[in-house]
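K.L.:
The structure file structure35.cif (mmCIF, C-alpha atoms) is provided below.
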data_query
loop_
_atom_site.group_PDB
_atom_site.id
_atom_site.type_symbol
_atom_site.label_atom_id
_atom_site.label_comp_id
_atom_site.auth_asym_id
_atom_site.auth_seq_id
_atom_site.Cartn_x
_atom_site.Cartn_y
_atom_site.Cartn_z
ATOM 1 C CA MET A 1 -1.352 -14.479 9.616
ATOM 2 C CA LYS A 2 -3.579 -11.747 8.293
ATOM 3 C CA ILE A 3 -3.537 -8.810 10.699
ATOM 4 C CA ALA A 4 -5.949 -5.883 10.562
ATOM 5 C CA SER A 5 -6.139 -2.560 12.375
ATOM 6 C CA PHE A 6 -9.716 -1.392 12.906
ATOM 7 C CA ILE A 7 -12.298 0.572 14.866
ATOM 8 C CA HIS A 8 -14.857 -1.453 16.849
ATOM 9 C CA GLU A 9 -17.403 0.165 19.143
ATOM 10 C CA GLY A 10 -15.397 3.369 19.149
ATOM 11 C CA ARG A 11 -12.067 1.731 20.059
ATOM 12 C CA ALA A 12 -8.965 1.504 17.903
ATOM 13 C CA LEU A 13 -7.884 -2.157 17.932
ATOM 14 C CA TYR A 14 -5.942 -4.687 15.901
ATOM 15 C CA GLY A 15 -6.028 -8.435 15.651
ATOM 16 C CA LEU A 16 -6.110 -11.554 13.526
ATOM 17 C CA VAL A 17 -8.380 -11.990 10.542
ATOM 18 C CA ASP A 18 -10.074 -15.399 10.562
ATOM 19 C CA GLY A 19 -12.330 -15.728 7.553
ATOM 20 C CA GLU A 20 -15.225 -13.316 8.084
ATOM 21 C CA SER A 21 -14.315 -12.536 11.684
ATOM 22 C CA LEU A 22 -11.559 -10.890 13.718
ATOM 23 C CA ARG A 23 -9.924 -11.846 17.004
ATOM 24 C CA PRO A 24 -8.826 -8.610 18.687
ATOM 25 C CA VAL A 25 -5.765 -8.315 20.878
ATOM 26 C CA SER A 26 -6.683 -8.681 24.557
ATOM 27 C CA ASP A 27 -7.050 -5.552 26.685
ATOM 28 C CA ALA A 28 -4.002 -6.545 28.737
ATOM 29 C CA LYS A 29 -1.769 -6.818 25.658
ATOM 30 C CA LEU A 30 -3.314 -3.728 24.085
ATOM 31 C CA ALA A 31 -2.142 -1.749 27.105
ATOM 32 C CA VAL A 32 1.422 -2.883 26.370
ATOM 33 C CA TYR A 33 1.257 -2.778 22.559
ATOM 34 C CA PRO A 34 -1.456 -0.243 21.684
ATOM 35 C CA THR A 35 -0.987 -0.482 17.906
ATOM 36 C CA LEU A 36 0.381 -2.903 15.340
ATOM 37 C CA ARG A 37 3.295 -0.556 14.853
ATOM 38 C CA ALA A 38 4.100 -0.819 18.582
ATOM 39 C CA LEU A 39 3.993 -4.612 18.297
ATOM 40 C CA LEU A 40 6.402 -4.491 15.335
ATOM 41 C CA ASP A 41 8.685 -2.077 17.192
ATOM 42 C CA ALA A 42 8.858 -4.542 20.093
ATOM 43 C CA GLY A 43 9.750 -7.448 17.808
ATOM 44 C CA THR A 44 6.844 -9.551 19.067
ATOM 45 C CA LEU A 45 4.838 -10.046 15.871
ATOM 46 C CA ALA A 46 5.216 -13.848 16.048
ATOM 47 C CA ASP A 47 3.523 -13.828 19.465
ATOM 48 C CA LEU A 48 0.353 -12.149 18.202
ATOM 49 C CA PRO A 49 -1.839 -15.313 18.141
ATOM 50 C CA SER A 50 -1.268 -15.794 21.862
ATOM 51 C CA PHE A 51 -2.048 -12.108 22.502
ATOM 52 C CA CYS A 52 -5.522 -12.346 20.941
ATOM 53 C CA GLY A 53 -8.528 -13.321 22.998
ATOM 54 C CA ALA A 54 -10.864 -16.189 22.164
ATOM 55 C CA LYS A 55 -13.803 -13.879 21.468
ATOM 56 C CA SER A 56 -14.200 -12.791 17.853
ATOM 57 C CA VAL A 57 -16.133 -9.981 16.178
ATOM 58 C CA PRO A 58 -17.643 -10.025 12.680
ATOM 59 C CA LEU A 59 -15.414 -8.438 10.069
ATOM 60 C CA ALA A 60 -18.481 -6.666 8.693
ATOM 61 C CA SER A 61 -19.031 -4.913 12.051
ATOM 62 C CA VAL A 62 -15.726 -3.003 12.083
ATOM 63 C CA GLN A 63 -14.245 -0.041 10.241
ATOM 64 C CA LEU A 64 -10.895 -1.118 8.862
ATOM 65 C CA LEU A 65 -7.920 1.236 9.169
ATOM 66 C CA PRO A 66 -4.666 1.256 7.194
ATOM 67 C CA PRO A 67 -2.837 -1.833 8.527
ATOM 68 C CA VAL A 68 0.026 0.082 10.189
ATOM 69 C CA PRO A 69 -0.971 3.376 11.800
ATOM 70 C CA ASN A 70 1.428 6.291 11.311
ATOM 71 C CA PRO A 71 4.374 4.523 9.663
ATOM 72 C CA SER A 72 7.561 6.538 9.978
ATOM 73 C CA LYS A 73 8.054 6.348 6.193
ATOM 74 C CA ILE A 74 6.059 5.480 3.084
ATOM 75 C CA LEU A 75 8.554 5.060 0.247
ATOM 76 C CA CYS A 76 7.328 4.529 -3.299
ATOM 77 C CA ILE A 77 9.148 3.145 -6.319
ATOM 78 C CA GLY A 78 8.482 4.720 -9.685
ATOM 79 C CA LEU A 79 8.854 3.141 -13.129
ATOM 80 C CA ASN A 80 9.426 -0.363 -11.812
ATOM 81 C CA TYR A 81 7.550 -2.085 -14.662
ATOM 82 C CA LYS A 82 8.021 -1.679 -18.406
ATOM 83 C CA LYS A 83 5.386 0.825 -19.537
ATOM 84 C CA PRO A 84 4.989 4.244 -21.111
ATOM 85 C CA TYR A 85 5.342 7.023 -18.563
ATOM 86 C CA PRO A 86 1.810 8.278 -17.864
ATOM 87 C CA VAL A 87 2.735 11.988 -17.863
ATOM 88 C CA PRO A 88 3.161 13.240 -21.458
ATOM 89 C CA GLY A 89 6.524 14.690 -22.350
ATOM 90 C CA THR A 90 8.322 13.230 -19.319
ATOM 91 C CA THR A 91 10.805 10.361 -19.333
ATOM 92 C CA PHE A 92 13.078 8.732 -16.770
ATOM 93 C CA ASP A 93 16.085 6.454 -16.899
ATOM 94 C CA THR A 94 14.848 3.082 -15.632
ATOM 95 C CA ASP A 95 18.411 1.814 -15.163
ATOM 96 C CA ASN A 96 18.289 3.566 -11.804
ATOM 97 C CA ILE A 97 15.783 3.128 -8.988
ATOM 98 C CA VAL A 98 13.334 6.049 -8.830
ATOM 99 C CA ILE A 99 11.946 6.800 -5.357
ATOM 100 C CA PHE A 100 9.608 9.351 -3.798
ATOM 101 C CA GLY A 101 7.759 9.670 -0.515
ATOM 102 C CA ARG A 102 4.097 9.971 0.408
ATOM 103 C CA HIS A 103 2.409 11.424 3.468
ATOM 104 C CA ASP A 104 0.375 9.118 5.678
ATOM 105 C CA ASP A 105 -2.774 11.208 5.162
ATOM 106 C CA SER A 106 -2.618 10.678 1.399
ATOM 107 C CA PHE A 107 -3.979 7.150 2.067
ATOM 108 C CA VAL A 108 -7.284 5.787 3.305
ATOM 109 C CA ALA A 109 -8.226 2.260 4.339
ATOM 110 C CA GLN A 110 -10.330 -0.539 2.865
ATOM 111 C CA GLY A 111 -13.824 0.604 1.957
ATOM 112 C CA GLN A 112 -13.220 4.276 2.669
ATOM 113 C CA PRO A 113 -13.890 6.801 -0.107
ATOM 114 C CA LEU A 114 -11.046 8.169 -2.162
ATOM 115 C CA GLU A 115 -11.152 11.948 -2.269
ATOM 116 C CA MET A 116 -11.644 13.246 -5.806
ATOM 117 C CA PRO A 117 -9.336 16.277 -6.211
ATOM 118 C CA LEU A 118 -11.151 19.563 -6.658
ATOM 119 C CA GLY A 119 -11.186 21.466 -9.939
ATOM 120 C CA GLU A 120 -8.652 20.938 -12.696
ATOM 121 C CA ALA A 121 -6.637 18.448 -10.624
ATOM 122 C CA GLY A 122 -9.577 16.041 -10.699
ATOM 123 C CA LEU A 123 -9.385 15.789 -14.489
ATOM 124 C CA SER A 124 -6.210 13.671 -14.295
ATOM 125 C CA TYR A 125 -6.837 11.610 -11.136
ATOM 126 C CA ASP A 126 -5.382 8.157 -11.802
ATOM 127 C CA PHE A 127 -5.326 4.723 -10.174
ATOM 128 C CA GLU A 128 -2.139 2.690 -9.621
ATOM 129 C CA GLY A 129 -2.383 -0.868 -8.320
ATOM 130 C CA GLU A 130 0.725 -1.982 -6.430
ATOM 131 C CA ILE A 131 2.095 -4.595 -4.050
ATOM 132 C CA ALA A 132 2.956 -2.924 -0.753
ATOM 133 C CA VAL A 133 5.662 -4.290 1.541
ATOM 134 C CA VAL A 134 5.844 -3.686 5.301
ATOM 135 C CA ILE A 135 9.207 -3.784 7.050
ATOM 136 C CA GLY A 136 9.304 -5.907 10.189
ATOM 137 C CA THR A 137 12.736 -5.261 11.686
ATOM 138 C CA THR A 138 15.199 -2.374 11.624
ATOM 139 C CA CYS A 139 17.239 -2.407 8.460
ATOM 140 C CA ARG A 140 20.351 -0.381 7.567
ATOM 141 C CA HIS A 141 23.031 -1.077 4.922
ATOM 142 C CA VAL A 142 21.596 -4.529 4.286
ATOM 143 C CA ALA A 143 22.819 -6.762 1.451
ATOM 144 C CA PRO A 144 20.229 -7.935 -1.108
ATOM 145 C CA ASP A 145 20.616 -11.582 -0.087
ATOM 146 C CA ALA A 146 19.611 -10.688 3.492
ATOM 147 C CA ALA A 147 16.911 -8.152 2.664
ATOM 148 C CA LEU A 148 13.830 -10.394 2.768
ATOM 149 C CA ARG A 149 14.562 -11.312 6.392
ATOM 150 C CA HIS A 150 13.402 -7.801 7.263
ATOM 151 C CA VAL A 151 9.954 -8.112 5.634
ATOM 152 C CA ALA A 152 6.972 -8.497 7.964
ATOM 153 C CA GLY A 153 4.434 -8.926 5.194
ATOM 154 C CA TYR A 154 2.467 -7.531 2.293
ATOM 155 C CA ALA A 155 -0.675 -5.539 1.503
ATOM 156 C CA CYS A 156 -2.537 -4.194 -1.517
ATOM 157 C CA MET A 157 -2.162 -0.561 -2.520
ATOM 158 C CA ASN A 158 -3.818 1.913 -4.855
ATOM 159 C CA GLU A 159 -1.102 4.544 -5.112
ATOM 160 C CA GLY A 160 -3.433 7.137 -6.643
ATOM 161 C CA SER A 161 -1.878 10.059 -8.508
ATOM 162 C CA VAL A 162 -2.837 13.415 -9.990
ATOM 163 C CA ARG A 163 -0.967 13.324 -13.281
ATOM 164 C CA SER A 164 -1.212 16.999 -14.219
ATOM 165 C CA TRP A 165 0.357 17.992 -10.914
ATOM 166 C CA GLN A 166 3.253 15.555 -11.409
ATOM 167 C CA LYS A 167 4.433 18.134 -13.963
ATOM 168 C CA HIS A 168 4.840 20.508 -11.014
ATOM 169 C CA SER A 169 6.717 17.884 -9.012
ATOM 170 C CA ILE A 170 6.359 14.180 -8.244
ATOM 171 C CA HIS A 171 5.681 15.117 -4.626
ATOM 172 C CA ALA A 172 2.763 17.353 -5.584
ATOM 173 C CA GLY A 173 1.105 14.780 -7.828
ATOM 174 C CA LYS A 174 1.500 11.993 -5.300
ATOM 175 C CA ASN A 175 0.356 13.619 -2.075
ATOM 176 C CA PHE A 176 -3.203 14.809 -2.550
ATOM 177 C CA ARG A 177 -5.134 14.066 0.612
ATOM 178 C CA ALA A 178 -6.895 10.663 0.595
ATOM 179 C CA SER A 179 -5.939 10.072 -3.036
ATOM 180 C CA GLY A 180 -4.643 6.540 -2.384
ATOM 181 C CA ALA A 181 -5.520 3.528 -0.268
ATOM 182 C CA TRP A 182 -3.779 0.517 1.218
ATOM 183 C CA GLY A 183 -4.887 -2.612 3.024
ATOM 184 C CA PRO A 184 -7.147 -4.375 3.678
ATOM 185 C CA TRP A 185 -4.720 -5.964 6.123
ATOM 186 C CA LEU A 186 -1.132 -7.087 6.520
ATOM 187 C CA ALA A 187 -0.546 -10.651 5.296
ATOM 188 C CA THR A 188 2.625 -11.962 6.902
ATOM 189 C CA ALA A 189 5.391 -13.234 4.670
ATOM 190 C CA ASP A 190 5.096 -16.798 5.975
ATOM 191 C CA GLU A 191 1.516 -16.975 4.661
ATOM 192 C CA THR A 192 1.921 -15.424 1.209
ATOM 193 C CA ALA A 193 3.546 -16.606 -1.986
ATOM 194 C CA PRO A 194 6.953 -15.122 -2.809
ATOM 195 C CA ILE A 195 6.423 -11.642 -4.222
ATOM 196 C CA GLU A 196 7.552 -12.658 -7.707
ATOM 197 C CA GLU A 197 4.692 -15.195 -7.780
ATOM 198 C CA MET A 198 2.032 -12.757 -6.593
ATOM 199 C CA ARG A 199 -0.507 -11.758 -9.234
ATOM 200 C CA LEU A 200 -1.513 -8.088 -9.142
ATOM 201 C CA VAL A 201 -4.858 -7.191 -10.735
ATOM 202 C CA THR A 202 -6.497 -3.750 -10.734
ATOM 203 C CA ARG A 203 -10.148 -3.308 -11.701
ATOM 204 C CA VAL A 204 -12.177 -0.141 -12.200
ATOM 205 C CA ASN A 205 -15.928 -0.751 -12.048
ATOM 206 C CA GLY A 206 -15.228 -4.462 -12.530
ATOM 207 C CA THR A 207 -13.111 -4.028 -15.687
ATOM 208 C CA VAL A 208 -9.534 -5.334 -15.497
ATOM 209 C CA MET A 209 -7.137 -2.462 -16.124
ATOM 210 C CA GLN A 210 -3.848 -3.906 -14.843
ATOM 211 C CA ASP A 211 -2.778 -7.551 -14.655
ATOM 212 C CA THR A 212 0.779 -8.663 -13.946
ATOM 213 C CA THR A 213 2.988 -10.519 -11.459
ATOM 214 C CA GLY A 214 5.764 -9.361 -9.190
ATOM 215 C CA ALA A 215 8.214 -11.204 -11.440
ATOM 216 C CA GLU A 216 7.796 -8.405 -13.988
ATOM 217 C CA MET A 217 9.386 -5.798 -11.717
ATOM 218 C CA ILE A 218 12.490 -4.187 -13.211
ATOM 219 C CA HIS A 219 14.143 -3.948 -9.788
ATOM 220 C CA ASP A 220 13.258 -6.860 -7.496
ATOM 221 C CA LEU A 221 12.341 -6.513 -3.843
ATOM 222 C CA PRO A 222 15.724 -7.526 -2.337
ATOM 223 C CA LYS A 223 17.422 -4.894 -4.510
ATOM 224 C CA LEU A 224 14.868 -2.258 -3.515
ATOM 225 C CA ILE A 225 15.207 -2.908 0.221
ATOM 226 C CA SER A 226 19.010 -2.910 -0.005
ATOM 227 C CA TYR A 227 19.033 0.333 -1.990
ATOM 228 C CA LEU A 228 16.662 2.114 0.372
ATOM 229 C CA SER A 229 18.518 0.876 3.444
ATOM 230 C CA HIS A 230 21.689 2.532 2.156
ATOM 231 C CA ILE A 231 19.863 5.863 1.976
ATOM 232 C CA THR A 232 17.940 5.712 5.240
ATOM 233 C CA GLN A 233 17.192 3.420 8.153
ATOM 234 C CA LEU A 234 14.113 1.317 7.487
ATOM 235 C CA ASN A 235 12.071 0.921 10.643
ATOM 236 C CA PRO A 236 9.429 -1.612 11.697
ATOM 237 C CA GLY A 237 6.152 -0.617 10.081
ATOM 238 C CA ASP A 238 7.714 1.335 7.221
ATOM 239 C CA VAL A 239 5.910 0.814 3.924
ATOM 240 C CA ILE A 240 7.451 0.305 0.483
ATOM 241 C CA ALA A 241 5.218 0.613 -2.588
ATOM 242 C CA THR A 242 6.926 -1.516 -5.229
ATOM 243 C CA GLY A 243 5.619 0.190 -8.380
ATOM 244 C CA SER A 244 2.627 0.028 -10.699
ATOM 245 C CA PRO A 245 2.463 -1.859 -14.005
ATOM 246 C CA ASP A 246 1.135 -0.752 -17.379
ATOM 247 C CA GLY A 247 -2.566 -0.084 -17.724
ATOM 248 C CA THR A 248 -3.047 3.005 -15.575
ATOM 249 C CA GLY A 249 -5.458 5.602 -16.865
ATOM 250 C CA GLY A 250 -2.737 8.059 -17.836
ATOM 251 C CA SER A 251 -0.859 5.545 -19.976
ATOM 252 C CA ARG A 252 -3.923 4.626 -22.064
ATOM 253 C CA ASN A 253 -4.993 6.116 -25.401
ATOM 254 C CA PRO A 254 -7.477 7.604 -24.870
ATOM 255 C CA THR A 255 -6.794 8.235 -21.191
ATOM 256 C CA ALA A 256 -9.080 6.625 -18.610
ATOM 257 C CA PHE A 257 -8.890 8.738 -15.484
ATOM 258 C CA LEU A 258 -11.107 8.183 -12.455
ATOM 259 C CA LYS A 259 -14.496 9.821 -12.027
ATOM 260 C CA PRO A 260 -16.818 10.227 -9.030
ATOM 261 C CA ASP A 261 -18.681 7.018 -8.144
ATOM 262 C CA ASP A 262 -16.050 4.796 -9.783
ATOM 263 C CA VAL A 263 -14.948 1.807 -7.697
ATOM 264 C CA VAL A 264 -11.289 0.745 -7.692
ATOM 265 C CA GLU A 265 -10.236 -2.756 -6.662
ATOM 266 C CA VAL A 266 -6.633 -3.880 -6.241
ATOM 267 C CA GLU A 267 -6.219 -7.610 -5.701
ATOM 268 C CA VAL A 268 -2.946 -9.334 -4.853
ATOM 269 C CA SER A 269 -3.016 -13.129 -4.813
ATOM 270 C CA THR A 270 -2.367 -14.730 -1.407
ATOM 271 C CA VAL A 271 -2.692 -11.260 0.183
ATOM 272 C CA GLY A 272 -6.229 -9.918 -0.300
ATOM 273 C CA LYS A 273 -8.413 -7.417 -2.144
ATOM 274 C CA LEU A 274 -8.608 -3.675 -1.548
ATOM 275 C CA ARG A 275 -11.806 -1.916 -2.643
ATOM 276 C CA ASN A 276 -12.563 1.822 -2.554
ATOM 277 C CA PRO A 277 -15.211 4.070 -4.109
ATOM 278 C CA VAL A 278 -14.327 7.483 -5.535
ATOM 279 C CA ALA A 279 -16.155 10.314 -3.803
ATOM 280 C CA HIS A 280 -17.457 13.501 -5.367
ATOM 281 C CA PRO A 281 -15.215 16.576 -4.953
ATOM 282 C CA GLN A 282 -15.651 18.500 -1.721
ATOM 283 C CA THR A 283 -15.338 22.264 -1.510
#
I'd like the structure from this file rewritten - as structure tokens, please.
P.N.:
Amino acid sequence: MKIASFIHEGRALYGLVDGESLRPVSDAKLAVYPTLRALLDAGTLADLPSFCGAKSVPLASVQLLPPVPNPSKILCIGLNYKKPYPVPGTTFDTDNIVIFGRHDDSFVAQGQPLEMPLGEAGLSYDFEGEIAVVIGTTCRHVAPDAALRHVAGYACMNEGSVRSWQKHSIHAGKNFRASGAWGPWLATADETAPIEEMRLVTRVNGTVMQDTTGAEMIHDLPKLISYLSHITQLNPGDVIATGSPDGTGGSRNPTAFLKPDDVVEVEVSTVGKLRNPVAHPQT
């Protein structure tokens, strides 16, 4: 299944993507499960097809939202592909898993403009294509060989960063408002290829900037989920960003940071394509 959250005729809905149309959840089921996160919390994701009405709406007529509204956690993995670190003068030990968190409002949805940081921060605004993973069931102290049972599905992510502010702290550089995007929908694990077979391609204005597969991750997904579950409880709807490969603007010579009116596309095979324009700075 491909499942989208969206606004249609002023209502926040979710439902199944079927080609160029959507089948929203029925009003009766929406009253019980008002969001996709509520559906995941209830453990009824597999029942979604029967919860959707027969009437469909054109995909082009809706405003897509991030697939899971208000996840309890967005956890990001740093340095999970072999590449030069994109912040000059900074290095990390890749033998260990590097994690950081992002706020929900640092992301927008498919088609929505990315917010160009104001002033000096905008001079080092970077793109980072990633494969995002959504947790489907509560997960604590899980072994790697059982970890994938807790995955609901996958999405595309641009985990946008302000490189100059990463020198202040990772948190600062990673949490500018509307600096990243994820979507366009959640593709359930039974519909996608295994993550190691997924091809991740990032384009800026149509030019390929990143091109890799999930097999190139230093720390694979079962290891990541197990590690995180020993630190905290992973809840239904939680998002894990699995890391960005070489080719980001900050790791290039010369650098290739984003500018207003650029368009960033992150495509993950068997999942979908995320596309966002870069807005002009707002005072």
K.L.:
Report the distance between atom CA of Lys259 of chain A and atom CA of Pro281 of chain A in Å, rounded to one decimal place.
P.N.:
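Those two atoms sit 9.8 Å apart.
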K.L.:
Give me, as number ranges by chain, all polymer residues having an atom no more than 9 Å from Leu118 of chain A, counting only C-alpha atoms and skipping those fewer than 5 positions away in the same chain.
P.N.:
A: 123, 280-283
K.L.:
Put those residues in a file: C-alpha atoms, as a compact mmCIF listing (two decimals), in the frame of the given file.
P.N.:
# COMPACT_ATOMS: atom_id res chain seq x y z
CA LEU A 123 -9.38 15.79 -14.49
CA HIS A 280 -17.46 13.50 -5.37
CA PRO A 281 -15.22 16.58 -4.95
CA GLN A 282 -15.65 18.50 -1.72
CA THR A 283 -15.34 22.26 -1.51
K.L.:
Check which residues satisfy the PyMOL selection byres ((chain A and resi 158-172) around 7) in the file shown, then give them as a ChimeraX atom specification.
P.N.:
/A:87,121,124-130,157,173-175,179-182,266
K.L.:
Go through A:Thr138, A:Thr94, A:Ser72, A:Gln210 one by one, measure the shortest atom-to-atom distance of each to Ala42 of chain A using all atoms listed in the file, and give the residue with the smallest value.
P.N.:
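Closest candidate: A:Thr138.
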K.L.:
One decimal, in Å: what's the spacing between atom CA of Ser251 of chain A and atom CA of Ala279 of chain A?
P.N.:
22.8 Å
K.L.:
Looking at all atoms listed in the file, which of A:Gly101, A:Gly206, A:Pro194, A:Pro86 is the one that sits closest to Leu228 of chain A?
P.N.:
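Ranking A:Gly101, A:Gly206, A:Pro194, A:Pro86 by distance to Leu228 of chain A, first place goes to A:Gly101.
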K.L.:
Enter the distance from atom CA of Ile7 of chain A to atom CA of Phe51 of chain A, in Å, rounded to one decimal.
P.N.:
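Computed distance, atom CA of Ile7 of chain A to atom CA of Phe51 of chain A, equals 18.0 Å.
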K.L.:
Selected by the PyMOL selection byres ((chain A and resi 74) around 6) in the shown coordinates: which residues, as number ranges by chain?
P.N.:
A: 73, 75, 101-102, 239-240
K.L.:
Which residues, written as a PyMOL selection string, have at least one atom at most 10 Å from segment 188-192 of chain A, with all atoms listed in the file counted and residues fewer than 6 positions away on the same chain left out?
P.N.:
chain A and resi 1-3+45-46+133-134+136+148-149+151-155+198+268-272
K.L.:
If you count only C-alpha atoms, which residues fall within 6 Å of segment 183-185 of chain A, apart from same-chain ones fewer than 2 positions away, as a PyMOL selection string?
P.N.:
chain A and resi 3-4+66-67+110+155-156+274
K.L.:
Nearest residue to Pro58 of chain A out of A:Asn205, A:Gln233, A:Ser21, A:Thr255, using only C-alpha atoms?
P.N.:
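The closest residue to Pro58 of chain A is A:Ser21.
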K.L.:
Can you work out which one of A:Ser226, A:Thr207, A:Asn276, A:Ser5 has the shortest atom-to-atom distance to His150 of chain A, counting only C-alpha atoms?
P.N.:
A:Ser226
K.L.:
List the residues matched by the PyMOL selection byres ((chain A and resi 76-84) around 6) in the displayed structure as a list of chain:residue names, ordered by chain and then by residue number.
P.N.:
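For this structure, the PyMOL selection byres ((chain A and resi 76-84) around 6) captures A:Leu75, A:Tyr85, A:Val98, A:Ile99, A:Phe100, A:Gly101, A:Met217, A:Ile218, A:Ile240, A:Ala241, A:Thr242, A:Gly243, A:Pro245, A:Asp246.
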K.L.:
Of the candidates A:Arg275, A:Phe176, A:Leu13, A:His8, which shows the shortest atom-to-atom distance to Met116 of chain A, using all atoms listed in the file?
P.N.:
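Using all atoms listed in the file, the shortest distance to Met116 of chain A belongs to A:Phe176.
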K.L.:
Set up a box along x, y and z of the file covering all listed atoms of segment 73-81 of chain A, add 6 Å on every one of the six sides, and write the centre and edge lengths in Å to one decimal, as AutoDock Vina command-line options.
P.N.:
--center_x 7.7 --center_y 2.1 --center_z -4.2 --size_x 15.4 --size_y 20.4 --size_z 32.9
K.L.:
Rank nothing, just name the residue among A:Arg11, A:Leu16, A:His219, A:Arg140 nearest to Asp95 of chain A, using all atoms listed in the file.
P.N.:
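Counting all atoms listed in the file, the residue closest to Asp95 of chain A is A:His219.
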K.L.:
Excluding same-chain residues fewer than 2 positions from Ala178 of chain A, what lies within 7 Å of it counting all atoms listed in the file, as a list of chain:residue names?
P.N.:
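The filter keeps A:Asp105, A:Ser106, A:Phe107, A:Val108, A:Leu114, A:Glu115, A:Phe176, A:Gly180.
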K.L.:
Might you pull out every residue within 8 Å of segment 25-31 of chain A, with only C-alpha atoms counted and same-chain residues fewer than 5 positions away left off, and present them as a list in words?
P.N.:
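Contacts, in chain order: Leu13, Tyr14, Gly15, Leu48, Phe51, Cys52 and Gly53 of chain A.
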